[in-house]
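One structure below.
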Number of protein chains: 2
Amino acid sequence: MRDVAIIGVGMTKWGELWDKSLRTIFTETALLALADAGVDKIDSMVVGCMSSGLFVGQEHLASLLADSLGRIPVPAARVESACSSGGLALRQGFMEVASGMSDIVLVGGVEKMTDVTGCEATFALGTAADQEYEGYHGLTFPGLYAMMAVDHMHRHGTTREQLALVAVKNHDNGSRNPLAQFPFKITVEGVLNSVLVADPLRILDCSPITDGAAAVVLAPAELARKMKKPAVRITGSGQATDTIALSSRRDLSWLESTHLAAAKALAMAGRKVQDIHLFEVHDCFTIAEIMVTEALGLVEKGRGGKAVEEGLTARGGRFPVNPSGGLKAKGHPVGATGVAQAVEIVKQLRGEAGDRQIKGARLGLAQNMGGTGGSSVVHVFEAD
Amino acid sequence: MRDVAIIGVGMTKWGELWDKSLRTIFTETALLALADAGVDKIDSMVVGCMSSGLFVGQEHLASLLADSLGRIPVPAARVESACSSGGLALRQGFMEVASGMSDIVLVGGVEKMTDVTGCEATFALGTAADQEYEGYHGLTFPGLYAMMAVDHMHRHGTTREQLALVAVKNHDNGSRNPLAQFPFKITVEGVLNSVLVADPLRILDCSPITDGAAAVVLAPAELARKMKKPAVRITGSGQATDTIALSSRRDLSWLESTHLAAAKALAMAGRKVQDIHLFEVHDCFTIAEIMVTEALGLVEKGRGGKAVEEGLTARGGRFPVNPSGGLKAKGHPVGATGVAQAVEIVKQLRGEAGDRQIKGARLGLAQNMGGTGGSSVVHVFEAD
């Protein structure tokens, strides 16, 4: 396998982008990444998108976007793994370059979620759960994560305030990210008094519905070293699945797929999780980030709530988690999220993260997750 | 890159499978492929599916199927490129094995299309066209291919009877395939008198709406030679895109993406198209097969109609096309079609194709296409 590096990244402002179509959002972002890489010609494209079918009535997406980007006849693949579609796109692109099949591969993620009603969006997102067993009973994701939260609180003593502190931390980070959908700070009191969605989760525990895209350009590491920007190598890639239905799990609040994907990615990179300087993780709900920090091994099982309270995962803490603002503040256009995590880590490892820069960061890890953890994708990045 | 081979194939009866869910259809088929390969443990899964979101309200599909198949926590990716999703899945699996990332990779394709109304199915299929430019004007695929047919007839003198002969040939082949949805013969007169769908295309020019799945198991060629069945190597893989919208094409009835994908796959295999003993191609409409034979270079541009009339593409002809019955008679569960083409070619190259066997076949080519050719995937297969 060849070594693979990221040579360019692009992201545009996320939010409710009613004046832009899916293809416009993607194309603007992809052009930024190509400009950042200083390349015009690509050999291939991989696009992560969860459900352009249900959100905008468009499949055949990768070809459409290659066309919109003016890059036909390059091969173009769309991949889907619910909310980890972006991470999966990065992994497929990584394998394509590693195999020697292609040199310059554009990896993008995109989702246009606000062109449908709230009910339709909730249905579309619900298709990441087991529709015949979970959806049938009326379950959608706030309810599923609420059950995970109740289990975590009951067994580990995690508090309502600790959940809120995840959102407060990520909004504090996001207030320093001009591309974030919600670039402002919130308070614990604000979270606790926000509208109840699914007990114990309130609206400020939930990541939003977002339109957005993110893109990176991959190249063999050897070629990457000749490019204009410092190369960031992808040194580890791990993916794992778990039961789709929460009811099939042995442990409601343990993310086994994240645990296994991280172990694989770290082993491939020859690193321990303690070596990593910053983390971008899948905080679709506040409880998710708490469970992820445990599954990654940043803290012992059950200690994720305490960790955020103690500042372990703050920007200045031992393990900075979600310096970008995470899904919570930056937004969560589901197919784009995994790619945006890579964009943030590359910016951090290049020292281009402005006033949210983690000083001296040389190693980063991204964890992207589908559903309640039915799939997880983890990548390890190292400054070259 | 490592050499890659197919070590097992599986397919179940296609049709209107109202008593089976998507996951059941896929799982039964995947188990057949694993049994054929003589392996139980897989390292990874890739699934091609066009629109489980619109057809059955389920995304996060690869994880769901890994779960149903009892193979969690293996990595599982779903890929989409409209009706070439199956071919794309094969290509992604091929790259995964070639890269060294995984050894045993299960590649499946599936679509469950009959659980919605005809209108809903037509809308779902229409999402392979450009929804903002073609769908907006009320165009669906019979209309798009009808325009291609009219153009071909006008410029090249292709006749209504020649279109019918494609369907007659493929049903003749399909009558020898017990897994086909429509395993019976039809006549030219029958086609010409069948219901008009979009002038000049009649219902017997169109491939059907189908539930079905197909699966193959990939392995490094070296390992494949130690398995119980004769290995069939994938020696070439090519993919190309074209404009999604027909209105953006320079030539309405020339499939440039197929032409380019075939050139790439054949170059990789070090073969000429004249070397190939049998072809499985994307005859979603009769006119499609005629255009494909031209784009592949089996005949000169404009001569595809004449070729079928002269028997060039018949089972006993110089270039047998669609011995399986093709999409027309075998059925067209869109995400499964590209994988089923590989299944047929493997059976033929192993000499297991029963009374539709092409004698002495050692090289095969599969061409799978999305939309009106917005994407094409071509693979070359060789008996080891």
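Chain identifiers are assigned as A, B, and so on, following the order in which chains appear in the structure tokens; residues are numbered from 1 within each chain, and ligands are numbered from 1 in order of appearance.
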
With 8 Å as the limit and counting only C-alpha atoms, what residues in chain B lie close to chain A? Please list them as number ranges by chain. B: 1, 50-51, 53-54, 57-64, 66-67, 72-82, 88, 92, 95-96, 98-101, 124, 127-131, 239-244, 257, 370-371, 374-375

Which residues are near Asp275 (chain A)? Cut-off 12 Å, only C-alpha atoms, ignore same chain within fewer than 3 positions. Put them as an MDAnalysis selection string. chainID A and resid 266 269:272 278:279 297:298 318:319 361:365 380:382

Same residues, N, CA and C atoms, saved as a PDB file, in the first residue's frame:
```pdb
ATOM      1  N   LEU A 266      -5.591   3.120  14.958  1.00  0.00           N
ATOM      2  CA  LEU A 266      -4.391   3.407  15.755  1.00  0.00           C
ATOM      3  C   LEU A 266      -3.312   2.352  15.520  1.00  0.00           C
ATOM      4  N   ALA A 269      -1.628   3.029  12.335  1.00  0.00           N
ATOM      5  CA  ALA A 269      -0.757   4.204  12.452  1.00  0.00           C
ATOM      6  C   ALA A 269       0.440   3.948  13.366  1.00  0.00           C
ATOM      7  N   GLY A 270       0.379   2.843  14.112  1.00  0.00           N
ATOM      8  CA  GLY A 270       1.447   2.560  15.073  1.00  0.00           C
ATOM      9  C   GLY A 270       1.455   3.556  16.225  1.00  0.00           C
ATOM     10  N   ARG A 271       0.269   3.991  16.626  1.00  0.00           N
ATOM     11  CA  ARG A 271       0.138   5.004  17.685  1.00  0.00           C
ATOM     12  C   ARG A 271      -0.786   4.514  18.783  1.00  0.00           C
ATOM     13  N   LYS A 272      -0.637   5.154  19.951  1.00  0.00           N
ATOM     14  CA  LYS A 272      -1.599   4.972  21.035  1.00  0.00           C
ATOM     15  C   LYS A 272      -2.487   6.202  21.086  1.00  0.00           C
ATOM     16  N   LEU A 278      -5.219  16.098  19.163  1.00  0.00           N
ATOM     17  CA  LEU A 278      -6.586  16.641  19.122  1.00  0.00           C
ATOM     18  C   LEU A 278      -7.528  15.670  18.432  1.00  0.00           C
ATOM     19  N   PHE A 279      -8.788  15.797  18.779  1.00  0.00           N
ATOM     20  CA  PHE A 279      -9.821  14.865  18.338  1.00  0.00           C
ATOM     21  C   PHE A 279     -11.018  15.620  17.776  1.00  0.00           C
ATOM     22  N   GLY A 297     -11.010   5.419  24.477  1.00  0.00           N
ATOM     23  CA  GLY A 297     -10.030   5.132  25.520  1.00  0.00           C
ATOM     24  C   GLY A 297      -9.379   6.375  26.112  1.00  0.00           C
ATOM     25  N   LEU A 298     -10.008   7.540  25.904  1.00  0.00           N
ATOM     26  CA  LEU A 298      -9.470   8.759  26.534  1.00  0.00           C
ATOM     27  C   LEU A 298      -9.705   8.722  28.032  1.00  0.00           C
ATOM     28  N   ARG A 318      -6.014  18.107  28.362  1.00  0.00           N
ATOM     29  CA  ARG A 318      -5.092  17.047  27.954  1.00  0.00           C
ATOM     30  C   ARG A 318      -5.475  16.462  26.593  1.00  0.00           C
ATOM     31  N   PHE A 319      -6.782  16.302  26.356  1.00  0.00           N
ATOM     32  CA  PHE A 319      -7.292  15.741  25.097  1.00  0.00           C
ATOM     33  C   PHE A 319      -8.346  16.675  24.496  1.00  0.00           C
ATOM     34  N   ALA A 361       0.099  21.008  17.684  1.00  0.00           N
ATOM     35  CA  ALA A 361      -0.589  19.763  17.289  1.00  0.00           C
ATOM     36  C   ALA A 361       0.093  19.139  16.076  1.00  0.00           C
ATOM     37  N   ARG A 362       0.462  17.869  16.207  1.00  0.00           N
ATOM     38  CA  ARG A 362       1.107  17.140  15.107  1.00  0.00           C
ATOM     39  C   ARG A 362       0.326  15.877  14.738  1.00  0.00           C
ATOM     40  N   LEU A 363      -0.524  15.416  15.654  1.00  0.00           N
ATOM     41  CA  LEU A 363      -1.315  14.201  15.417  1.00  0.00           C
ATOM     42  C   LEU A 363      -2.775  14.463  15.748  1.00  0.00           C
ATOM     43  N   GLY A 364      -3.655  14.049  14.851  1.00  0.00           N
ATOM     44  CA  GLY A 364      -5.083  14.215  15.093  1.00  0.00           C
ATOM     45  C   GLY A 364      -5.846  12.940  14.800  1.00  0.00           C
ATOM     46  N   LEU A 365      -7.030  12.838  15.389  1.00  0.00           N
ATOM     47  CA  LEU A 365      -7.888  11.667  15.161  1.00  0.00           C
ATOM     48  C   LEU A 365      -9.312  12.134  14.911  1.00  0.00           C
ATOM     49  N   VAL A 380      -6.569   8.441  11.526  1.00  0.00           N
ATOM     50  CA  VAL A 380      -5.475   9.092  12.240  1.00  0.00           C
ATOM     51  C   VAL A 380      -4.679   9.912  11.222  1.00  0.00           C
ATOM     52  N   PHE A 381      -4.366  11.138  11.589  1.00  0.00           N
ATOM     53  CA  PHE A 381      -3.676  12.083  10.704  1.00  0.00           C
ATOM     54  C   PHE A 381      -2.372  12.526  11.356  1.00  0.00           C
ATOM     55  N   GLU A 382      -1.323  12.665  10.547  1.00  0.00           N
ATOM     56  CA  GLU A 382      -0.051  13.136  11.106  1.00  0.00           C
ATOM     57  C   GLU A 382       0.560  14.194  10.193  1.00  0.00           C
TER      58      GLU A 382
END
```

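Excluding Asp103 (chain B) itself and any same-chain residue fewer than 5 positions from it, the protein and nucleic acid residues within 7 Å of it, counting only C-alpha atoms, are Asp43, Val97, Ala219 and Pro220 of chain B.
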
Show which residues sit within 6 Å of Gly331 (chain A), as a CSV table (one decimal) with all heavy atoms, in the first residue's frame. Count only C-alpha atoms, and ignore same-chain residues fewer than 6 positions away.
```
chain,number,residue,atom,x,y,z
A,181,GLN,N,-22.3,26.9,11.9
A,181,GLN,CA,-23.7,27.3,11.8
A,181,GLN,C,-24.1,28.2,13.0
A,181,GLN,O,-24.8,29.2,12.9
A,181,GLN,CB,-24.6,26.1,11.7
A,181,GLN,CG,-26.0,26.4,11.6
A,181,GLN,CD,-26.9,25.2,11.3
A,181,GLN,OE1,-26.4,24.0,11.4
A,181,GLN,NE2,-28.1,25.3,11.0
A,208,PRO,N,-27.8,20.4,15.0
A,208,PRO,CA,-28.8,20.9,14.2
A,208,PRO,C,-29.0,20.2,12.9
A,208,PRO,O,-28.2,19.4,12.5
A,208,PRO,CB,-28.4,22.4,14.0
A,208,PRO,CG,-26.9,22.3,14.0
A,208,PRO,CD,-26.5,21.2,15.0
A,210,THR,N,-28.6,20.9,9.0
A,210,THR,CA,-27.7,21.8,8.4
A,210,THR,C,-27.5,21.5,6.9
A,210,THR,O,-27.6,20.4,6.5
A,210,THR,CB,-26.3,21.7,9.0
A,210,THR,OG1,-26.4,21.7,10.5
A,210,THR,CG2,-25.3,22.7,8.6
```

Asp355 (chain A) environment, 10 Å, only C-alpha atoms, sequence neighbours closer than 6 positions dropped, as a list in words: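 Non-adjacent residues within range: Asn173, Ser175, Arg176 and Asn177 of chain A.
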
Between CA of Leu192 (chain B) and CA of Ser207 (chain B) lies a distance of 15.5 Å
